[in-house]
$ cat entry-v4.cif   # mmCIF, C-alpha atoms
data_protein
loop_
_atom_site.label_atom_id
_atom_site.label_comp_id
_atom_site.auth_asym_id
_atom_site.auth_seq_id
_atom_site.Cartn_x
_atom_site.Cartn_y
_atom_site.Cartn_z
CA MET A 3 38.83 27.68 0.07
CA ASN A 4 41.31 26.95 -2.67
CA THR A 5 39.02 26.98 -5.70
CA GLU A 6 41.62 25.74 -8.18
CA ALA A 7 42.47 22.79 -5.96
CA ILE A 8 38.84 21.68 -5.68
CA LYS A 9 38.18 22.16 -9.37
CA ASP A 10 41.23 20.05 -10.25
CA LEU A 11 40.02 17.27 -7.93
CA LEU A 12 36.50 17.38 -9.39
CA TYR A 13 37.77 17.27 -12.98
CA ARG A 14 39.96 14.25 -12.23
CA MET A 15 37.09 12.37 -10.66
CA ALA A 16 34.48 13.39 -13.23
CA ASP A 17 36.69 12.60 -16.23
CA ASP A 18 37.68 9.22 -14.75
CA ALA A 19 34.02 8.33 -14.21
CA LEU A 20 32.93 9.48 -17.67
CA ILE A 21 35.71 7.67 -19.53
CA ILE A 22 35.50 4.39 -17.59
CA GLY A 23 31.70 4.53 -17.88
CA HIS A 24 31.96 4.93 -21.64
CA ARG A 25 34.59 2.20 -21.96
CA ASN A 26 32.67 -0.31 -19.86
CA SER A 27 29.47 0.41 -21.77
CA GLU A 28 31.25 -1.01 -24.84
CA TRP A 29 30.48 -4.44 -23.34
CA THR A 30 26.74 -3.83 -23.60
CA GLY A 31 25.23 -6.49 -25.81
CA ILE A 32 28.41 -8.56 -26.06
CA GLY A 33 28.91 -9.42 -22.39
CA PRO A 34 29.90 -13.00 -21.50
CA MET A 35 26.41 -13.89 -20.27
CA LEU A 36 23.06 -12.16 -20.06
CA GLU A 37 23.14 -11.50 -16.32
CA GLU A 38 26.64 -10.07 -16.48
CA ASP A 39 25.84 -8.00 -19.55
CA LEU A 40 23.05 -6.38 -17.56
CA ALA A 41 25.12 -5.86 -14.41
CA PHE A 42 28.14 -4.41 -16.22
CA SER A 43 25.99 -2.12 -18.37
CA SER A 44 24.10 -0.90 -15.35
CA MET A 45 27.31 -0.08 -13.50
CA SER A 46 28.67 1.83 -16.47
CA GLN A 47 25.48 3.90 -16.46
CA ASP A 48 26.09 4.57 -12.76
CA LYS A 49 29.60 5.83 -13.56
CA ILE A 50 28.28 8.23 -16.18
CA GLY A 51 25.75 9.40 -13.59
CA HIS A 52 28.60 10.07 -11.15
CA ALA A 53 30.42 12.05 -13.85
CA GLN A 54 27.30 14.12 -14.44
CA ALA A 55 26.91 14.85 -10.72
CA LEU A 56 30.56 15.94 -10.49
CA TYR A 57 30.36 18.14 -13.61
CA ASN A 58 27.24 19.61 -12.10
CA ILE A 59 29.15 20.65 -8.99
CA LEU A 60 31.72 22.33 -11.24
CA TYR A 61 28.88 24.10 -13.03
CA THR A 62 26.87 25.23 -10.01
CA SER A 63 29.66 25.92 -7.50
CA PHE A 64 32.36 27.28 -9.78
CA GLY A 65 30.61 28.62 -12.88
CA GLU A 66 32.25 26.13 -15.22
CA LYS A 67 30.37 25.23 -18.42
CA ASN A 68 27.29 23.05 -18.15
CA PRO A 69 27.74 19.27 -17.78
CA ASP A 70 26.94 18.47 -21.43
CA VAL A 71 29.56 20.90 -22.66
CA LEU A 72 32.14 19.63 -20.16
CA ALA A 73 31.53 16.03 -21.20
CA PHE A 74 31.21 16.42 -24.94
CA GLN A 75 32.94 19.59 -26.05
CA ARG A 76 36.36 19.60 -24.46
CA ALA A 77 39.61 18.81 -26.22
CA GLU A 78 41.52 15.64 -25.37
CA LYS A 79 44.32 17.62 -23.64
CA ASP A 80 41.75 19.15 -21.26
CA PHE A 81 40.76 15.77 -19.85
CA ARG A 82 42.25 15.05 -16.43
CA SER A 83 41.44 11.33 -16.37
CA CYS A 84 44.20 8.81 -15.66
CA GLN A 85 45.38 6.63 -18.54
CA LEU A 86 43.99 3.46 -16.91
CA VAL A 87 40.41 4.38 -17.79
CA GLU A 88 41.03 5.13 -21.46
CA LEU A 89 42.66 1.79 -22.32
CA PRO A 90 40.55 -0.34 -24.69
CA ILE A 91 38.30 -2.94 -23.06
CA GLY A 92 40.49 -5.76 -24.33
CA GLU A 93 39.24 -9.17 -23.21
CA TYR A 94 37.03 -9.69 -20.20
CA ASP A 95 39.95 -10.53 -17.91
CA PHE A 96 41.46 -7.08 -18.44
CA SER A 97 38.13 -5.26 -18.12
CA LEU A 98 37.39 -7.04 -14.84
CA VAL A 99 40.85 -6.45 -13.41
CA ARG A 100 40.62 -2.76 -14.33
CA HIS A 101 37.16 -2.62 -12.75
CA PHE A 102 38.57 -4.22 -9.58
CA LEU A 103 41.57 -1.86 -9.36
CA PHE A 104 39.67 1.29 -10.29
CA ASP A 105 36.56 0.73 -8.22
CA HIS A 106 38.46 0.01 -5.01
CA ALA A 107 40.31 3.30 -5.46
CA GLU A 108 37.07 5.09 -6.24
CA ALA A 109 35.27 3.61 -3.22
CA LEU A 110 38.10 4.65 -0.90
CA ARG A 111 38.29 8.12 -2.45
CA TYR A 112 34.59 8.71 -1.87
CA SER A 113 34.78 7.34 1.65
CA LEU A 114 37.56 9.84 2.45
CA LEU A 115 35.49 12.59 0.84
CA GLU A 116 32.52 11.92 3.10
CA ALA A 117 34.45 13.96 5.66
CA SER A 118 35.41 16.70 3.20
CA SER A 119 35.17 20.33 4.26
CA PHE A 120 33.74 21.04 0.78
CA ALA A 121 30.07 20.25 1.42
CA PRO A 122 28.89 19.45 -2.14
CA ILE A 123 31.48 16.69 -2.56
CA ALA A 124 30.83 15.30 0.93
CA GLY A 125 27.12 15.13 0.10
CA LEU A 126 27.73 13.39 -3.20
CA ALA A 127 30.09 10.91 -1.52
CA ARG A 128 27.31 9.86 0.86
CA LYS A 129 24.77 9.69 -1.94
CA VAL A 130 26.78 7.32 -4.18
CA ARG A 131 28.03 5.10 -1.35
CA GLY A 132 25.50 2.32 -1.91
CA GLU A 133 26.06 2.19 -5.67
CA ILE A 134 29.80 2.03 -5.33
CA ARG A 135 29.54 -0.59 -2.64
CA TYR A 136 27.72 -2.79 -5.15
CA HIS A 137 30.35 -2.08 -7.81
CA VAL A 138 33.09 -3.25 -5.44
CA MET A 139 31.10 -6.32 -4.45
CA HIS A 140 30.68 -7.18 -8.12
CA ALA A 141 34.38 -6.68 -8.80
CA ASP A 142 35.49 -8.76 -5.80
CA THR A 143 33.15 -11.63 -6.61
CA PHE A 144 34.31 -11.93 -10.20
CA PHE A 145 37.97 -11.26 -9.45
CA LYS A 146 38.09 -14.11 -6.96
CA GLN A 147 35.99 -16.46 -9.01
CA LEU A 148 37.98 -16.15 -12.22
CA SER A 149 41.32 -16.16 -10.43
CA THR A 150 40.50 -19.42 -8.66
CA GLY A 151 39.08 -21.08 -11.78
CA SER A 152 41.17 -23.14 -14.19
CA GLU A 153 44.92 -22.69 -14.60
CA VAL A 154 44.28 -20.84 -17.86
CA ALA A 155 41.89 -18.46 -16.10
CA LYS A 156 44.37 -17.85 -13.30
CA ALA A 157 47.21 -17.16 -15.75
CA ARG A 158 45.08 -14.72 -17.70
CA MET A 159 44.00 -12.86 -14.57
CA GLN A 160 47.62 -12.65 -13.42
CA SER A 161 48.84 -11.24 -16.71
CA ALA A 162 45.94 -8.76 -16.81
CA LEU A 163 46.90 -7.66 -13.29
CA ASN A 164 50.58 -7.29 -14.25
CA TYR A 165 49.61 -5.19 -17.25
CA ALA A 166 47.02 -3.02 -15.47
CA LEU A 167 48.83 -2.28 -12.22
CA PRO A 168 51.26 0.42 -13.47
CA PHE A 169 48.30 2.19 -15.07
CA ALA A 170 46.28 1.81 -11.86
CA LEU A 171 49.10 3.50 -9.94
CA GLY A 172 48.56 6.41 -12.33
CA ILE A 173 45.21 7.00 -10.60
CA PHE A 174 47.23 8.47 -7.73
CA GLU A 175 49.38 10.86 -9.79
CA PRO A 176 49.87 13.79 -7.42
CA SER A 177 48.40 17.12 -8.37
CA ALA A 178 49.91 20.56 -7.83
CA TYR A 179 47.39 21.06 -5.03
CA GLU A 180 48.01 18.15 -2.67
CA GLU A 181 49.14 20.34 0.25
CA ALA A 182 46.22 22.75 -0.15
CA LEU A 183 43.67 19.93 -0.34
CA ILE A 184 45.06 18.31 2.80
CA ALA A 185 45.54 21.55 4.74
CA GLU A 186 42.01 22.74 4.05
CA GLY A 187 40.45 19.38 4.90
CA ILE A 188 39.06 18.94 1.40
CA PHE A 189 40.73 15.62 0.61
CA ALA A 190 43.35 13.48 2.35
CA GLY A 191 45.51 13.45 -0.81
CA GLU A 192 46.58 10.99 -3.49
CA ALA A 193 49.49 9.54 -1.48
CA ARG A 194 47.19 8.64 1.41
CA LEU A 195 44.63 7.20 -0.99
CA GLN A 196 47.24 5.02 -2.69
CA GLU A 197 48.39 3.73 0.70
CA LEU A 198 44.82 2.80 1.69
CA TRP A 199 44.22 1.25 -1.71
CA LEU A 200 47.30 -0.98 -1.48
CA GLN A 201 46.26 -2.05 2.03
CA LYS A 202 42.84 -2.94 0.68
CA ILE A 203 43.69 -4.79 -2.52
CA THR A 204 46.85 -6.64 -1.46
CA PRO A 205 45.03 -9.21 0.73
CA LEU A 206 42.28 -9.58 -1.89
CA VAL A 207 44.86 -10.35 -4.57
CA ALA A 208 46.49 -12.90 -2.25
CA ALA A 209 43.12 -14.47 -1.37
CA ALA A 210 42.45 -14.88 -5.09
CA GLY A 211 45.74 -16.82 -5.35
CA LEU A 212 47.46 -14.20 -7.51
CA GLN A 213 50.78 -12.44 -7.01
CA MET A 214 50.89 -8.73 -6.43
CA PRO A 215 53.42 -7.31 -8.93
CA ALA A 216 56.52 -6.00 -7.14
CA MET A 217 55.98 -2.33 -6.38
CA ASP A 218 59.58 -1.35 -7.16
CA THR A 219 59.29 -2.63 -10.73
CA ALA A 220 55.70 -1.54 -11.36
CA LYS A 221 56.36 1.99 -12.51
CA ALA A 222 53.32 4.23 -12.29
CA VAL A 223 52.03 5.56 -15.61
CA TYR A 224 51.56 9.26 -14.99
CA GLY A 225 50.53 12.04 -17.36
CA GLY A 226 46.76 11.70 -17.58
CA ARG A 227 46.16 14.13 -14.75
CA LYS A 228 48.10 16.78 -16.67
CA GLY A 229 46.39 16.14 -20.00
CA TYR A 230 48.96 13.75 -21.50
CA HIS A 231 47.01 10.77 -22.76
CA SER A 232 47.65 7.55 -24.62
CA GLU A 233 46.71 7.04 -28.26
CA TYR A 234 43.37 5.58 -27.08
CA LEU A 235 41.60 8.62 -25.64
CA GLN A 236 41.11 10.68 -28.81
CA PRO A 237 39.29 7.91 -30.74
CA LEU A 238 37.08 7.31 -27.66
CA LEU A 239 36.15 10.99 -27.50
CA ALA A 240 35.48 11.05 -31.25
CA GLU A 241 33.06 8.18 -30.89
CA MET A 242 31.44 9.50 -27.72
CA THR A 243 30.81 12.92 -29.26
CA GLU A 244 29.80 11.66 -32.69
CA VAL A 245 26.18 12.70 -32.29
CA THR A 246 26.59 15.95 -30.35
CA SER A 247 29.26 17.21 -32.73
CA ILE A 248 26.77 17.15 -35.63
CA ASP A 249 25.02 20.08 -33.95
CA PRO A 250 26.57 21.08 -30.62
CA SER A 251 23.86 23.67 -29.96
CA ALA A 252 20.90 21.30 -30.48
CA GLU A 253 18.30 21.18 -27.71
CA TRP A 254 17.52 17.67 -26.51
CA MET B 67 39.03 -23.87 -24.17
CA SER B 68 37.81 -20.31 -24.12
CA LEU B 69 37.28 -18.47 -20.87
CA ASP B 70 34.25 -16.84 -22.35
CA PRO B 71 31.24 -18.75 -20.96
CA ARG B 72 29.16 -17.51 -23.88
CA ILE B 73 31.18 -19.54 -26.36
CA ASN B 74 30.80 -22.74 -24.40
CA ARG B 75 27.08 -22.24 -23.97
CA LEU B 76 26.55 -21.78 -27.68
CA ASP B 77 28.56 -24.86 -28.64
CA LEU B 78 25.47 -27.06 -28.72
CA LYS B 79 27.19 -30.16 -30.04
CA ARG B 80 29.58 -30.31 -27.12
CA VAL B 81 26.70 -29.65 -24.75
CA ASN B 82 24.58 -32.39 -26.29
CA ASP B 83 27.51 -34.82 -26.19
CA GLY B 84 27.79 -34.19 -22.47
CA GLU B 85 31.28 -32.78 -22.91
CA ILE B 86 30.14 -29.50 -21.39
CA THR B 87 27.79 -29.86 -18.47
CA ALA B 88 27.56 -26.17 -17.65
CA SER B 89 27.67 -27.28 -14.02
CA HIS B 90 29.55 -24.11 -13.22
CA LEU B 91 26.47 -22.11 -14.09
CA VAL B 92 23.38 -23.43 -12.34
CA THR B 93 20.10 -21.59 -11.93
CA TRP B 94 19.00 -19.86 -8.76
CA GLU B 95 15.47 -18.88 -7.84
CA VAL B 96 15.28 -15.23 -6.82
CA PHE B 97 12.87 -13.88 -4.22
CA HIS B 98 12.34 -10.16 -3.90
CA GLN B 99 11.40 -8.49 -0.61
CA GLU B 100 10.00 -5.02 -1.01
CA LYS B 101 10.02 -3.92 2.64
CA ARG B 102 11.38 -5.32 5.87
CA GLY B 103 8.80 -7.69 7.34
CA LYS B 104 7.03 -8.34 4.04
CA GLN B 105 7.26 -11.81 2.58
CA PRO B 106 9.81 -12.32 -0.21
CA VAL B 107 8.02 -12.91 -3.51
CA HIS B 108 9.37 -15.13 -6.28
CA ALA B 109 10.71 -12.92 -9.05
CA GLY B 110 12.50 -15.24 -11.50
CA ILE B 111 15.87 -16.91 -11.94
CA VAL B 112 19.50 -16.05 -12.57
CA HIS B 113 22.41 -18.17 -13.79
CA ALA B 114 25.41 -18.13 -11.48
CA ALA B 115 28.21 -20.28 -10.16
CA THR B 116 28.08 -19.31 -6.49
CA PRO B 117 25.52 -17.88 -4.04
CA GLU B 118 27.47 -14.60 -3.96
CA GLN B 119 27.39 -14.30 -7.71
CA ALA B 120 23.68 -15.19 -7.76
CA LEU B 121 22.90 -12.36 -5.32
CA MET B 122 25.10 -10.00 -7.29
CA PHE B 123 23.26 -10.74 -10.53
CA ALA B 124 19.84 -10.81 -8.83
CA LYS B 125 20.41 -7.26 -7.62
CA GLU B 126 20.74 -5.90 -11.15
CA GLN B 127 18.13 -8.17 -12.67
CA TYR B 128 15.34 -7.92 -10.11
CA ALA B 129 16.12 -4.89 -7.93
CA ARG B 130 17.08 -2.25 -10.45
CA ARG B 131 13.71 -0.51 -10.29
CA GLY B 132 11.35 0.31 -7.44
CA LYS B 133 11.95 -0.39 -3.78
CA THR B 134 13.91 -3.30 -2.40
CA ALA B 135 14.74 -4.25 1.17
CA ASN B 136 16.43 -7.57 0.43
CA LEU B 137 16.76 -10.49 -1.95
CA TRP B 138 16.88 -14.24 -1.39
CA VAL B 139 18.46 -16.71 -3.74
CA VAL B 140 17.88 -20.46 -3.55
CA LYS B 141 19.57 -22.97 -5.79
CA THR B 142 16.85 -24.33 -8.10
CA SER B 143 17.98 -27.89 -7.36
CA ASP B 144 17.24 -27.28 -3.66
CA VAL B 145 13.56 -26.65 -4.36
CA TYR B 146 11.33 -29.72 -3.87
CA THR B 147 7.93 -29.99 -5.54
CA PHE B 148 5.13 -32.50 -6.11
CA ASN B 149 5.03 -34.44 -9.34
CA SER B 150 2.59 -32.83 -11.72
CA GLU B 151 0.70 -36.13 -12.12
CA ASP B 152 -0.16 -35.90 -8.41
CA GLU B 153 -2.07 -32.70 -9.02
CA GLU B 154 -5.38 -34.45 -8.25
CA ILE B 155 -4.57 -34.41 -4.55
CA PHE B 156 -5.44 -30.70 -4.63
CA GLU B 157 -8.60 -31.17 -6.70
CA THR B 158 -11.38 -30.98 -4.10
CA THR B 159 -9.80 -28.25 -2.01
CA PRO B 160 -11.61 -25.35 -3.74
CA GLU B 161 -14.96 -27.00 -2.76
CA LYS B 162 -14.16 -26.86 0.94
CA THR B 163 -15.34 -23.31 1.29
CA PHE B 164 -15.88 -23.80 5.03
CA ARG B 165 -12.13 -23.50 5.30
CA ASP B 166 -12.24 -20.09 3.76
CA PRO B 167 -11.13 -17.47 6.30
CA ALA B 168 -14.32 -15.50 5.43
CA PHE B 169 -16.12 -17.84 7.85
CA TYR B 170 -14.32 -16.31 10.77
CA LYS B 171 -16.19 -13.11 10.07
CA VAL B 172 -19.52 -14.94 10.45
CA ARG B 173 -18.27 -16.38 13.73
CA GLU B 174 -17.47 -12.87 14.96
CA ARG B 175 -20.97 -11.72 14.07
CA ILE B 176 -22.52 -14.67 15.88
CA GLU B 177 -20.47 -13.94 18.97
CA ALA B 178 -21.43 -10.28 18.82
CA PHE B 179 -25.13 -11.27 18.54
CA GLN B 180 -24.84 -13.69 21.44
CA ALA B 181 -23.13 -11.11 23.63
CA LYS B 182 -25.67 -8.45 22.81
CA ASN B 183 -28.62 -10.69 23.56
CA LYS B 184 -26.95 -12.37 26.54
CA LEU B 185 -27.43 -15.81 25.00
#
$ encode --input "entry-v4.cif" --output "structure tokens"
Amino acid sequence: MNTEAIKDLLYRMADDALIIGHRNSEWTGIGPMLEEDLAFSSMSQDKIGHAQALYNILYTSFGEKNPDVLAFQRAEKDFRSCQLVELPIGEYDFSLVRHFLFDHAEALRYSLLEASSFAPIAGLARKVRGEIRYHVMHADTFFKQLSTGSEVAKARMQSALNYALPFALGIFEPSAYEEALIAEGIFAGEARLQELWLQKITPLVAAAGLQMPAMDTAKAVYGGRKGYHSEYLQPLLAEMTEVTSIDPSAEW
Amino acid sequence: MSLDPRINRLDLKRVNDGEITASHLVTWEVFHQEKRGKQPVHAGIVHAATPEQALMFAKEQYARRGKTANLWVVKTSDVYTFNSEDEEIFETTPEKTFRDPAFYKVRERIEAFQAKNKL
């Protein structure tokens, strides 16, 4: 099997999950209502759990550093997360739209990976299926509800969607290993995933009464998968690693 | 008007004046079923605008620990109860011990005795 190809895929997925989990956890305690505060916090914990499971595969199957080191002691340029996940939480409309766009892609990615020839990732995909199904249900419920609320709500959801979509397309930035991943039956590839994702979200956006931004003008924001990040990732990492960096070798 | 429901809910003057009715966020009674076939047990409430949202919140609030087979949500306003001043209609019930299912056990013993002694 093409080790580098699998490692690259695992790093993308793990870093996405860690960064979006950290970002979404910023809503803890300041969520719009108690029930939602709890639900959103719980889902961000799930994401961090997914990141840990993925780092653990890198550790056990490929001899990479242990999950704590991978999460907390890598430089910004080593992160393979897309730029969508590092954007600040903004207002709730943006955070929900990002959650909707990201989680649909994540759910589809894992469902493709259930058939992966790389057993550890196929096993994980089956294990997290229920959790991610809830995340998507949560996203769909809120997306539709806020988009069909008042005119102000609808306008805000539309502008959040217009802003987030080019970044969401960055999820599918092709890697150098697409052919190898497809040929070896590890993963169906980013292009296929993007196609499935568009098929999935387009009717949901329409059902919510919003307009899908025109694909020819929505230019994908690439770079994250190669370590080129926006100005927002470094401050996030600084905050996330604030405690561990006091004494990186401490036993917990 | 803010889209943030928290701000509206904390604006007590507007709530008291009836300007904000919070009708978009009603309460739902949540029932938790531990296993298939077991009766759902009342667990508490959630605030939500739709049945879907109520189930979604109930999952995190009442099914985040331990085992769960399913959840029910019922809009609180769809629950009918007696008036509390009518409570006396239940008053003498605890005295009617002959209705206690323990009496069926006595009946079984009597039947066993009768059968044994061919009475």
$ resolve_selection --input "entry-v4.cif" --expression "the PyMOL selection byres ((chain A) within 7 of (chain B))" --output "ChimeraX atom specification"
/A:34-35,37-38,40-41,140,143,155
$ resolve_selection --input "entry-v4.cif" --expression "the PyMOL selection byres ((chain A and resi 108-110) around 9)" --output "ChimeraX atom specification"
/A:15,103-107,111-115,131,134-135,137-138,195,198-199
$ resolve_selection --input "entry-v4.cif" --expression "the PyMOL selection byres ((chain A and resi 243) around 12)" --output "ChimeraX atom specification"
/A:24,70-78,236-242,244-250
$ atom_distance --input "entry-v4.cif" --atom1 "CA of Lys79 (chain A)" --atom2 "CA of Tyr230 (chain A)"
6.4 Å
$ residues_around --input "entry-v4.cif" --residues "Pro90 (chain A)" --least-positions-apart "3" --cutoff "10 Å" --atoms "only C-alpha atoms" --output "MDAnalysis selection string"
chainID A and resid 22 25:26 28 86:87 93 96:97 234:235 238
$ atom_distance --input "entry-v4.cif" --atom1 "CA of Tyr179 (chain A)" --atom2 "CA of Tyr13 (chain A)"
13.0 Å
$ residues_around --input "entry-v4.cif" --residues "Ile123 (chain A)" --least-positions-apart "5" --cutoff "12 Å" --atoms "only C-alpha atoms" --output "ChimeraX atom specification"
/A:8-9,11-12,15-16,52,55-60,63,111-118,128-130,187-189
$ atom_distance --input "entry-v4.cif" --atom1 "CA of Phe144 (chain A)" --atom2 "CA of Asp95 (chain A)"
9.7 Å
$ axis_aligned_box --input "entry-v4.cif" --around "region 155-159 of chain B" --padding-each-side "3 Å" --output "lines of an AutoDock Vina configuration file"
center_x = -8.0
center_y = -31.3
center_z = -4.4
size_x = 12.8
size_y = 12.2
size_z = 10.7
$ residues_around --input "entry-v4.cif" --residues "Leu163 (chain A)" --least-positions-apart "3" --cutoff "10 Å" --atoms "only C-alpha atoms" --output "PDB file with C-alpha atoms, in the coordinates of the input"
ATOM      1  CA  ASP A  95      39.950 -10.530 -17.910  1.00  0.00           C
ATOM      2  CA  PHE A  96      41.460  -7.080 -18.440  1.00  0.00           C
ATOM      3  CA  LEU A  98      37.390  -7.040 -14.840  1.00  0.00           C
ATOM      4  CA  VAL A  99      40.850  -6.450 -13.410  1.00  0.00           C
ATOM      5  CA  ARG A 100      40.620  -2.760 -14.330  1.00  0.00           C
ATOM      6  CA  PHE A 102      38.570  -4.220  -9.580  1.00  0.00           C
ATOM      7  CA  LEU A 103      41.570  -1.860  -9.360  1.00  0.00           C
ATOM      8  CA  ALA A 157      47.210 -17.160 -15.750  1.00  0.00           C
ATOM      9  CA  ARG A 158      45.080 -14.720 -17.700  1.00  0.00           C
ATOM     10  CA  MET A 159      44.000 -12.860 -14.570  1.00  0.00           C
ATOM     11  CA  GLN A 160      47.620 -12.650 -13.420  1.00  0.00           C
ATOM     12  CA  ALA A 166      47.020  -3.020 -15.470  1.00  0.00           C
ATOM     13  CA  LEU A 167      48.830  -2.280 -12.220  1.00  0.00           C
ATOM     14  CA  PRO A 168      51.260   0.420 -13.470  1.00  0.00           C
ATOM     15  CA  ALA A 170      46.280   1.810 -11.860  1.00  0.00           C
ATOM     16  CA  VAL A 207      44.860 -10.350  -4.570  1.00  0.00           C
ATOM     17  CA  LEU A 212      47.460 -14.200  -7.510  1.00  0.00           C
ATOM     18  CA  GLN A 213      50.780 -12.440  -7.010  1.00  0.00           C
ATOM     19  CA  MET A 214      50.890  -8.730  -6.430  1.00  0.00           C
ATOM     20  CA  PRO A 215      53.420  -7.310  -8.930  1.00  0.00           C
TER      21      PRO A 215
END
$ residues_around --input "entry-v4.cif" --residues "Ser46 (chain A)" --least-positions-apart "3" --cutoff "7 Å" --atoms "only C-alpha atoms" --output "PyMOL selection string"
chain A and resi 23-24+26-27+42-43+49-50
$ closest_residue --input "entry-v4.cif" --among "A:Thr62, A:Ser177, A:Gln147, A:Asn4" --to "Lys228 (chain A)" --atoms "only C-alpha atoms"
A:Ser177
$ residues_around --input "entry-v4.cif" --residues "region 141-157 of chain B" --least-positions-apart "2" --cutoff "7 Å" --atoms "only C-alpha atoms" --output "list in words"
Thr93, Trp94, Glu95, Val139 and Thr159 of chain B
$ decode --input "entry-v4.cif" --residues "region 96-144 of chain B" --atoms "C-alpha atoms" --output "PDB file, in the first residue's frame"
ATOM      1  CA  VAL B  96     -38.932  14.308  26.891  1.00  0.00           C
ATOM      2  CA  PHE B  97     -39.384  10.590  27.512  1.00  0.00           C
ATOM      3  CA  HIS B  98     -36.380   8.307  27.519  1.00  0.00           C
ATOM      4  CA  GLN B  99     -36.566   4.650  26.503  1.00  0.00           C
ATOM      5  CA  GLU B 100     -33.622   2.596  27.642  1.00  0.00           C
ATOM      6  CA  LYS B 101     -34.296  -0.592  25.669  1.00  0.00           C
ATOM      7  CA  ARG B 102     -36.703  -1.628  22.953  1.00  0.00           C
ATOM      8  CA  GLY B 103     -39.926  -2.812  24.576  1.00  0.00           C
ATOM      9  CA  LYS B 104     -39.358  -0.943  27.832  1.00  0.00           C
ATOM     10  CA  GLN B 105     -41.698   1.905  28.648  1.00  0.00           C
ATOM     11  CA  PRO B 106     -40.404   5.426  27.943  1.00  0.00           C
ATOM     12  CA  VAL B 107     -39.784   7.262  31.214  1.00  0.00           C
ATOM     13  CA  HIS B 108     -40.223  11.004  31.655  1.00  0.00           C
ATOM     14  CA  ALA B 109     -36.799  12.619  31.767  1.00  0.00           C
ATOM     15  CA  GLY B 110     -37.385  16.390  31.670  1.00  0.00           C
ATOM     16  CA  ILE B 111     -38.003  19.147  29.150  1.00  0.00           C
ATOM     17  CA  VAL B 112     -36.270  20.949  26.302  1.00  0.00           C
ATOM     18  CA  HIS B 113     -37.019  24.265  24.612  1.00  0.00           C
ATOM     19  CA  ALA B 114     -37.436  23.999  20.853  1.00  0.00           C
ATOM     20  CA  ALA B 115     -39.370  25.424  17.941  1.00  0.00           C
ATOM     21  CA  THR B 116     -40.185  22.205  16.087  1.00  0.00           C
ATOM     22  CA  PRO B 117     -40.523  18.492  16.917  1.00  0.00           C
ATOM     23  CA  GLU B 118     -37.321  17.794  14.963  1.00  0.00           C
ATOM     24  CA  GLN B 119     -35.395  20.357  16.934  1.00  0.00           C
ATOM     25  CA  ALA B 120     -36.864  19.024  20.197  1.00  0.00           C
ATOM     26  CA  LEU B 121     -35.635  15.509  19.389  1.00  0.00           C
ATOM     27  CA  MET B 122     -32.268  16.880  18.350  1.00  0.00           C
ATOM     28  CA  PHE B 123     -31.815  18.714  21.646  1.00  0.00           C
ATOM     29  CA  ALA B 124     -33.294  15.852  23.701  1.00  0.00           C
ATOM     30  CA  LYS B 125     -30.631  13.539  22.319  1.00  0.00           C
ATOM     31  CA  GLU B 126     -27.802  15.625  23.751  1.00  0.00           C
ATOM     32  CA  GLN B 127     -29.607  16.571  26.931  1.00  0.00           C
ATOM     33  CA  TYR B 128     -31.065  13.220  27.981  1.00  0.00           C
ATOM     34  CA  ALA B 129     -29.251  10.548  25.967  1.00  0.00           C
ATOM     35  CA  ARG B 130     -25.629  11.584  26.246  1.00  0.00           C
ATOM     36  CA  ARG B 131     -24.829   9.008  28.914  1.00  0.00           C
ATOM     37  CA  GLY B 132     -25.836   5.389  29.399  1.00  0.00           C
ATOM     38  CA  LYS B 133     -27.965   3.338  27.056  1.00  0.00           C
ATOM     39  CA  THR B 134     -30.755   4.675  24.896  1.00  0.00           C
ATOM     40  CA  ALA B 135     -33.023   2.917  22.420  1.00  0.00           C
ATOM     41  CA  ASN B 136     -35.263   5.868  21.600  1.00  0.00           C
ATOM     42  CA  LEU B 137     -36.688   9.177  22.769  1.00  0.00           C
ATOM     43  CA  TRP B 138     -40.194  10.626  22.659  1.00  0.00           C
ATOM     44  CA  VAL B 139     -40.994  14.301  22.701  1.00  0.00           C
ATOM     45  CA  VAL B 140     -44.470  15.681  23.381  1.00  0.00           C
ATOM     46  CA  LYS B 141     -45.332  19.345  23.282  1.00  0.00           C
ATOM     47  CA  THR B 142     -46.015  20.374  26.890  1.00  0.00           C
ATOM     48  CA  SER B 143     -49.235  22.094  25.816  1.00  0.00           C
ATOM     49  CA  ASP B 144     -50.497  18.732  24.497  1.00  0.00           C
TER      50      ASP B 144
END
